[in-house]
Amino acid sequence: MQSNLNKLENESIFIFRQAYRSISNIALLWSLGKDSNVMVWLAFKAFLGKIPFPVVHVDTEKKFKEMYEFREKFTKKWGLNLIKGKCPPIGQIDPSLPPAARSAARKTDGLKKIINEKKFRGIIAGIRRDEQGTRAKERVFSPRDDFGKWNIKNQPPEFWNYSNFNYPETVHVRIHPLLNWTELDIWQYIKQEKIPVVDLYFSKKGKRYRSLGDQDITFPINSNAKTVNEIIEELKVSKVSERSGRAMDHEEENVFERLRSKGYM
Amino acid sequence: MNNKFNDDEVLNIVIVGHVDHGKSSFIGRLLYDIGEINDEKVNELKKASKKRGVDFEFAFLLDALQDERDQGITIDTTRIFFKSKKRKYVFIDAPGHKEFIKNMITGASSADIAILIVDVKEGIKQQTKKHAYLLKLLGVEKVITVFNKMDKIKYDQKLYIKIKSDLDSFLSGLGISCITDIPVSSKVGDNVVKKSKNMPWFSGIPFIDILDNFENSGLVVSKHVRFPVQDIYKIGDKRVIVGKIELGSISKGIDLLFLPSNERAKVKSLEIWPKAKKKYFAGDSVGITLDEPIFVDKGNLASDLMSPPKLMNRFESNMFWLSEKKINFKSKYIMKLNTGEYEIFVNKVKNVIDTDSLKSKNNTEVSKNDVCEVVIHSSQFIPMDDYSFNKSTARFCLLDNEEIVAGGIIDLRNYPDQREKKEDFRKNIIPENYNLNEIDRALKFNHRPGIIWLTGLSGAGKSTIAKNVEKKLFDRNFNVFSLDGDNLRIGLNKNLNFSPEDRTENIRRTAEVAKLFTQAGFVILVSLISPYRSERKKARDIRPEIFREIYIKASVDVCAKRDVKGLYAKAKSGEIKNFTGISSPYEEPEKPNLIIDTSREKVEESVAKLENFIIKEFGF
């Protein structure tokens, strides 16, 4: 019988290949975080060493310096076809959103802009069902309308590995190859495959980042985990959720859903 | 029971049952008792409940969405991850509301084990039975039945036994063997994680221990092989066939038979990044190369030689129907089976099954969420397995335009394999033995032959695009040629005018010429208004496997405005008769392989789009 990681890896590879075969113009969202590095790695496995589509970094220009260094280094090392997307100034974002969510919504607008510019029909995003309640309801292949909106009440059925790819030209599809992975799976896979990640995940002076967003709305957690192994051990006993360091998740009960229905990842 | 925690095993559990029988509450209670819920989440929800002026319930943990909490029902499948002392679990919470069957199917199709929950106060309901039936159809045959809300019937043993035996006999009628039954109360916490003190008469173990004791047999190692071809990648000078093994194992040197082409080859190498192992098994996504240069296309099904899949153009299925639309017997559906896509017709509905009584209904009218037995036929031969041979290669979904309308499992008991018939048929139609095969030419030219059929109104831009694409492909060393409707009418089709009959003949001749070019190994671009669907279908049928319909889209107004040749002006004045779009109809393609909208795209964009499409479809 396949081990859990082996099963997840094979499913993800299948999803990547299905996306490449079925959707004409696709790109991978590379947020520089641990999950998107795992995605890049899985894409290497799916396409046997070379990724046949661009990776997109939607840059809020407010990321940590370490993340930008990581981006430059691994774009070169991995031979990625990197497209950098720009985000609009904060003044242009829905003022009814709470402050941190408003900041996060910039990224959504940046993403929509690059999708329209490059006419992408498919966007591969590294979201996981265990992260957050609304993400738990996602499909692997999830259609978005002209405005990037997600219609949560009427999602297409998806069974036995069959999904629908037949959508009007105005619709793009979000592809979620990591949907069934958990945070612990991600770290165990990083360990197994020796996948590089930004240093910020590892503890310095008793604190580390568990999830990486914009610098001004992401906070480190108390932790002494200095290595991948120590992170794995920490997660096995932790009861605090992964996104607890993301300010936007705690502002209002339904803010995440509001962001997502408008096109946030 | 092995008490060690197994970090490497995850069991997927789907929980189904009638609306309000307490699915979400049951999971919520389980997570709470097992100590899996982080305090952050509980506090958040307690605060939210207070704000709304309602009591906190365990179900709230799952109903993470705002509007769901307002309605008090679960809208879509939610995944909940948790672990016991033994192993990790994923709970797939499937909704019980009548209109949400498709979400339940989405959730249940990936489950290892199912929990069917029944409210003992209400007893067995219509949806209890329907869900059980669908579990069977989806291939989830291991079921634990949970009888919830025992507190509401004052833990009455007699009532419990009555409901339990009713359900047991229904399930055995379906062929589902129930692993065990258990009486619980989510509200009080009886028998979920802790053994109940309220039911001394119940000698069984709590629910969580039943789960932990369950051994998942997983994928069986088989001597047979099923390997659906997902895609072909050209890597260096290798043609790598990629896909997921559905049955058996693949290693270097084994023989594979590819269907529907019926050609065989040996596995020359395994292609895995960064490094291949010696052998791969069912569930593994792999890449292989072959020792013989045979044609393999995405959608083909590879197998061992001893017990290959059957080739069928007519078969029966047990199917669930998900659409508001009725089944249309005249309408073509796309069937996705394994990695292939096929055009099929639903020929006949034999039965609509009443999932309440398990008898067939008297009518054959299929409504949304019905389960039915149908006969399906296709003009192509499709490789497939019987469901009893191997589940994963014997189930399909049906698409109608942009909607998945049905899913089904294949029943071949009433139909013989038609492979031999197909071979006879092939023998009869090959008139000459060519010295050179298409494959020889394709390997030399480095691309496959193809017919690129550009249809659209006069002035839509067919010839312009074709000319430009021809040049681009030529520069890429493609053997490519462009056939233009207008040019053909000067020579080969000189004797034809624009009446419907002559248009038909015009298309037939052009398609035959295109076919000759493909036999010579060419990618042939055909620019022809070809206004009728039926005629384009005939053109496609000449070589369906390499025919691609490209719709060059522009409205009559746009084309008339362009009017490069001054024809629209003449048509409008009546000088030209039977002019498509003005005095003769144009039937838009229903499912073109590519749409190029020249009223919105620049010429360069359209050209690049078609060029990339051809390279992806026919390049090596």
# chains A, B, ... in the order shown; residues from 1 in each chain; ligands from 1

call {"tool": "residues_around", "arguments": {"residues": "segment 75-77 of chain A", "least_positions_apart": "5", "cutoff": "10 Å", "atoms": "only C-alpha atoms", "output": "number ranges by chain"}}
result
A: 55, 70, 82

call {"tool": "closest_atom_pairs", "arguments": {"of": "segment 147-264 of chain A", "to": "segment 102-108 of chain B", "cutoff": "10 Å", "atoms": "only C-alpha atoms", "output": "JSON lines"}}
result
{"residue": "A:Asn154", "atom": "CA", "partner": "B:Asn103", "partner_atom": "CA", "distance": 9.5}
{"residue": "A:Gln155", "atom": "CA", "partner": "B:Asn103", "partner_atom": "CA", "distance": 8.2}
{"residue": "A:Pro156", "atom": "CA", "partner": "B:Lys102", "partner_atom": "CA", "distance": 8.0}
{"residue": "A:Pro157", "atom": "CA", "partner": "B:Lys102", "partner_atom": "CA", "distance": 5.5}
{"residue": "A:Glu158", "atom": "CA", "partner": "B:Thr106", "partner_atom": "CA", "distance": 5.0}
{"residue": "A:Phe159", "atom": "CA", "partner": "B:Thr106", "partner_atom": "CA", "distance": 4.9}
{"residue": "A:Trp160", "atom": "CA", "partner": "B:Thr106", "partner_atom": "CA", "distance": 8.3}
{"residue": "A:Asn161", "atom": "CA", "partner": "B:Thr106", "partner_atom": "CA", "distance": 9.7}
{"residue": "A:Tyr162", "atom": "CA", "partner": "B:Thr106", "partner_atom": "CA", "distance": 9.9}

call {"tool": "atom_distance", "arguments": {"atom1": "atom CA of Asp166 of chain B", "atom2": "atom CA of Leu134 of chain B"}}
result
18.5 Å

call {"tool": "select_by_dssp", "arguments": {"residues": "segment 37-75 of chain A", "states": "helix (DSSP H, G or I)", "output": "PyMOL selection string"}}
result
chain A and resi 37-46+65-75

call {"tool": "write_last_selection", "arguments": {"atoms": "N, CA and C atoms", "output": "short mmCIF file (atom, residue, chain, number, x, y, z; two decimals), in the first residue's frame"}}
result
data_model
loop_
_atom_site.label_atom_id
_atom_site.label_comp_id
_atom_site.auth_asym_id
_atom_site.auth_seq_id
_atom_site.Cartn_x
_atom_site.Cartn_y
_atom_site.Cartn_z
N ASN A 37 6.72 26.34 -2.81
CA ASN A 37 7.95 25.64 -3.18
C ASN A 37 7.71 24.15 -3.39
N VAL A 38 6.85 23.60 -2.54
CA VAL A 38 6.47 22.20 -2.75
C VAL A 38 5.78 22.04 -4.10
N MET A 39 4.95 23.02 -4.47
CA MET A 39 4.29 22.96 -5.78
C MET A 39 5.29 22.96 -6.93
N VAL A 40 6.28 23.86 -6.83
CA VAL A 40 7.30 23.92 -7.88
C VAL A 40 7.98 22.56 -7.99
N TRP A 41 8.26 21.98 -6.84
CA TRP A 41 8.93 20.68 -6.81
C TRP A 41 8.08 19.60 -7.48
N LEU A 42 6.79 19.61 -7.16
CA LEU A 42 5.87 18.63 -7.75
C LEU A 42 5.74 18.85 -9.25
N ALA A 43 5.83 20.12 -9.67
CA ALA A 43 5.76 20.41 -11.11
C ALA A 43 7.00 19.84 -11.81
N PHE A 44 8.15 19.92 -11.15
CA PHE A 44 9.34 19.28 -11.73
C PHE A 44 9.10 17.79 -11.91
N LYS A 45 8.45 17.19 -10.93
CA LYS A 45 8.18 15.74 -11.02
C LYS A 45 7.18 15.45 -12.15
N ALA A 46 6.15 16.30 -12.23
CA ALA A 46 5.11 16.07 -13.24
C ALA A 46 5.66 16.21 -14.65
N LYS A 65 12.64 40.89 3.11
CA LYS A 65 13.86 40.93 2.29
C LYS A 65 14.35 39.52 1.98
N GLU A 66 14.25 38.61 2.98
CA GLU A 66 14.70 37.23 2.78
C GLU A 66 13.94 36.56 1.65
N MET A 67 12.66 36.94 1.51
CA MET A 67 11.85 36.32 0.47
C MET A 67 12.30 36.77 -0.92
N TYR A 68 12.61 38.05 -1.03
CA TYR A 68 13.09 38.54 -2.34
C TYR A 68 14.43 37.90 -2.71
N GLU A 69 15.29 37.71 -1.70
CA GLU A 69 16.58 37.05 -1.97
C GLU A 69 16.36 35.62 -2.44
N PHE A 70 15.42 34.98 -1.76
CA PHE A 70 15.09 33.59 -2.11
C PHE A 70 14.59 33.52 -3.55
N ARG A 71 13.72 34.48 -3.90
CA ARG A 71 13.15 34.50 -5.24
C ARG A 71 14.25 34.59 -6.30
N GLU A 72 15.17 35.54 -6.11
CA GLU A 72 16.21 35.74 -7.11
C GLU A 72 17.08 34.49 -7.24
N LYS A 73 17.45 33.95 -6.08
CA LYS A 73 18.35 32.80 -6.08
C LYS A 73 17.74 31.59 -6.80
N PHE A 74 16.47 31.29 -6.44
CA PHE A 74 15.90 30.04 -6.97
C PHE A 74 15.27 30.18 -8.35
N THR A 75 14.94 31.40 -8.75
CA THR A 75 14.52 31.60 -10.13
C THR A 75 15.64 31.12 -11.05
#

call {"tool": "select_by_dssp", "arguments": {"residues": "segment 113-241 of chain B", "states": "strand (DSSP E)", "output": "MDAnalysis selection string"}}
result
chainID B and resid 113:119 142:148 177:183 226:228 231:235 238:241

call {"tool": "write_last_selection", "arguments": {"atoms": "C-alpha atoms", "output": "tab-separated table (two decimals), in the first residue's frame"}}
result
chain	number	residue	atom	x	y	z
B	113	ILE	CA	-15.04	4.01	4.48
B	114	ALA	CA	-18.50	5.51	4.99
B	115	ILE	CA	-20.56	6.37	8.01
B	116	LEU	CA	-24.30	6.29	7.53
B	117	ILE	CA	-25.97	8.22	10.28
B	118	VAL	CA	-29.60	7.73	11.35
B	119	ASP	CA	-31.62	9.75	13.84
B	142	LYS	CA	-17.50	-0.46	3.75
B	143	VAL	CA	-20.06	1.16	5.99
B	144	ILE	CA	-20.47	1.82	9.71
B	145	THR	CA	-24.04	2.68	10.69
B	146	VAL	CA	-24.34	5.17	13.52
B	147	PHE	CA	-27.66	5.54	15.32
B	148	ASN	CA	-27.66	9.06	16.71
B	177	SER	CA	-21.94	-5.33	4.15
B	178	CYS	CA	-22.14	-3.21	7.23
B	179	ILE	CA	-19.00	-3.35	9.35
B	180	THR	CA	-20.84	-2.63	12.55
B	181	ASP	CA	-23.70	-0.66	14.11
B	182	ILE	CA	-23.41	1.63	17.09
B	183	PRO	CA	-25.91	3.64	19.17
B	226	ARG	CA	-4.21	-0.80	-16.70
B	227	PHE	CA	-2.36	2.36	-17.63
B	228	PRO	CA	-4.45	5.18	-19.16
B	231	ASP	CA	-0.32	12.85	-22.09
B	232	ILE	CA	2.77	12.56	-24.29
B	233	TYR	CA	5.78	14.74	-23.56
B	234	LYS	CA	8.63	15.33	-25.93
B	235	ILE	CA	11.74	15.51	-23.77
B	238	LYS	CA	12.39	10.94	-26.21
B	239	ARG	CA	8.63	10.60	-26.46
B	240	VAL	CA	7.54	10.06	-22.89
B	241	ILE	CA	4.11	8.59	-22.24

call {"tool": "residues_around", "arguments": {"residues": "Ile409 of chain B", "least_positions_apart": "4", "cutoff": "10 Å", "atoms": "only C-alpha atoms", "output": "number ranges by chain"}}
result
B: 137-139, 316-320, 373, 385-388, 391-397

call {"tool": "closest_residue", "arguments": {"among": "A:Ser103, A:Trp150, A:Arg258, A:Lys34", "to": "Asp199 of chain A", "atoms": "only C-alpha atoms"}}
result
A:Lys34

call {"tool": "residues_around", "arguments": {"residues": "Ile217 of chain A", "least_positions_apart": "2", "cutoff": "7 Å", "atoms": "only C-alpha atoms", "output": "JSON list (two decimals) with N, CA and C atoms, in the first residue's frame"}}
result
[["chain", "number", "residue", "atom", "x", "y", "z"],
["A", 100, "ALA", "N", -6.17, 45.04, 7.68],
["A", 100, "ALA", "CA", -5.25, 43.99, 7.21],
["A", 100, "ALA", "C", -5.82, 43.27, 6.00],
["A", 213, "GLY", "N", 3.19, 36.20, 4.92],
["A", 213, "GLY", "CA", 2.40, 37.12, 4.11],
["A", 213, "GLY", "C", 3.17, 38.42, 3.99],
["A", 214, "ASP", "N", 2.43, 39.53, 3.88],
["A", 214, "ASP", "CA", 3.10, 40.82, 3.85],
["A", 214, "ASP", "C", 3.73, 41.12, 5.21],
["A", 215, "GLN", "N", 4.82, 41.85, 5.17],
["A", 215, "GLN", "CA", 5.57, 42.11, 6.38],
["A", 215, "GLN", "C", 4.74, 42.80, 7.46],
["A", 219, "PHE", "N", 2.78, 38.02, 11.61],
["A", 219, "PHE", "CA", 3.56, 38.06, 12.85],
["A", 219, "PHE", "C", 4.14, 36.70, 13.18],
["A", 246, "ARG", "N", -1.64, 35.58, 10.87],
["A", 246, "ARG", "CA", -2.13, 36.44, 9.79],
["A", 246, "ARG", "C", -3.22, 37.34, 10.34],
["A", 247, "ALA", "N", -2.94, 38.63, 10.43],
["A", 247, "ALA", "CA", -3.86, 39.57, 11.07],
["A", 247, "ALA", "C", -5.25, 39.55, 10.43]]

call {"tool": "closest_residue", "arguments": {"among": "B:Lys4, B:Val558, B:Lys472, B:Asn43", "to": "Asn213 of chain B", "atoms": "only C-alpha atoms"}}
result
B:Lys4

call {"tool": "residues_around", "arguments": {"residues": "Asn166 of chain A", "least_positions_apart": "4", "cutoff": "10 Å", "atoms": "only C-alpha atoms", "output": "list of chain:residue names"}}
result
A:Ser22, A:Ile23, A:Pro143, A:Val171, A:Val173, B:Leu399, B:Asp400, B:Asn401, B:Glu402, B:Glu403, B:Ile404, B:Lys591

call {"tool": "closest_residue", "arguments": {"among": "B:Pro592, B:Gly485, B:Gly173, B:Gly204", "to": "chain A", "atoms": "only C-alpha atoms"}}
result
B:Pro592

call {"tool": "residues_around", "arguments": {"residues": "Phe202 of chain B", "least_positions_apart": "6", "cutoff": "12 Å", "atoms": "only C-alpha atoms", "output": "list in words"}}
result
Met150, Tyr155, Asp156, Gln157, Lys158, Tyr160, Ile161, Asp181, Ile182, Pro183, Val184, Asp190, Asn191, Lys195 and Ser196 of chain B

call {"tool": "closest_atom_pairs", "arguments": {"of": "chain A", "to": "chain B", "cutoff": "9 Å", "atoms": "only C-alpha atoms", "output": "CSV"}}
result
residue,atom,partner,partner_atom,distance
A:Met1,CA,B:Gly218,CA,6.1
A:Gln2,CA,B:Gly283,CA,7.7
A:Ser3,CA,B:Asp8,CA,5.6
A:Asn4,CA,B:Asp8,CA,5.3
A:Leu5,CA,B:Asp8,CA,7.4
A:Asn6,CA,B:Asp284,CA,8.1
A:Lys7,CA,B:Gly283,CA,7.0
A:Glu9,CA,B:Ser285,CA,8.6
A:Asn10,CA,B:Ser285,CA,5.2
A:Glu11,CA,B:Ser285,CA,7.6
A:Ile13,CA,B:Ser285,CA,6.6
A:Phe14,CA,B:Ser285,CA,6.4
A:Arg17,CA,B:Gln230,CA,7.4
A:Gln18,CA,B:Gln230,CA,7.3
A:Arg21,CA,B:Asp231,CA,6.9
A:Ser24,CA,B:Phe613,CA,8.4
A:Phe44,CA,B:Trp273,CA,7.0
A:Lys45,CA,B:Trp273,CA,5.1
A:Ala46,CA,B:Trp273,CA,7.9
A:Phe47,CA,B:Tyr233,CA,8.0
A:Leu48,CA,B:Trp273,CA,4.9
A:Gly49,CA,B:Trp273,CA,6.0
A:Arg129,CA,B:Arg79,CA,6.5
A:Asp130,CA,B:Phe81,CA,6.7
A:Gln132,CA,B:Ala64,CA,8.6
A:Gly133,CA,B:Ala64,CA,5.2
A:Thr134,CA,B:Leu65,CA,6.6
A:Arg135,CA,B:Thr78,CA,8.7
A:Ala136,CA,B:Thr78,CA,5.2
A:Lys137,CA,B:Thr78,CA,5.1
A:Glu138,CA,B:Thr78,CA,8.4
A:Arg139,CA,B:Thr106,CA,8.8
A:Ile152,CA,B:Asp76,CA,8.3
A:Lys153,CA,B:Ile75,CA,7.1
A:Gln155,CA,B:Asn103,CA,8.2
A:Pro156,CA,B:Ile404,CA,7.2
A:Pro157,CA,B:Lys102,CA,5.5
A:Glu158,CA,B:Thr106,CA,5.0
A:Phe159,CA,B:Thr106,CA,4.9
A:Trp160,CA,B:Ser109,CA,6.0
A:Asn161,CA,B:Asn338,CA,8.7
A:Tyr162,CA,B:Cys397,CA,6.9
A:Ser163,CA,B:Ile404,CA,8.0
A:Asn164,CA,B:Ile404,CA,6.6
A:Phe165,CA,B:Glu402,CA,7.9
A:Asn166,CA,B:Glu402,CA,5.1
A:Tyr167,CA,B:Glu402,CA,5.7
A:Pro168,CA,B:Glu402,CA,7.9
A:Asn180,CA,B:Arg79,CA,8.6
A:Thr182,CA,B:Phe81,CA,8.0
A:Ser238,CA,B:Asn38,CA,8.6
A:Lys239,CA,B:Asn38,CA,4.8
A:Val240,CA,B:Asn38,CA,6.0
A:Ser241,CA,B:Asn38,CA,7.5
A:Glu253,CA,B:Ala48,CA,7.7
A:Asn254,CA,B:Gln66,CA,6.2
A:Glu257,CA,B:Leu65,CA,7.4

call {"tool": "residues_around", "arguments": {"residues": "Glu117 of chain A", "least_positions_apart": "4", "cutoff": "12 Å", "atoms": "only C-alpha atoms", "output": "ChimeraX atom specification"}}
result
/A:83-86,110-113,121

call {"tool": "atom_distance", "arguments": {"atom1": "atom CA of Tyr89 of chain B", "atom2": "atom CA of Asp112 of chain B"}}
result
10.4 Å

call {"tool": "closest_residue", "arguments": {"among": "B:Met306, B:Val267, B:Leu256, B:Val513", "to": "Leu492 of chain B", "atoms": "only C-alpha atoms"}}
result
B:Val513

call {"tool": "atom_distance", "arguments": {"atom1": "atom CA of Tyr568 of chain B", "atom2": "atom CA of Ile529 of chain B"}}
result
14.2 Å
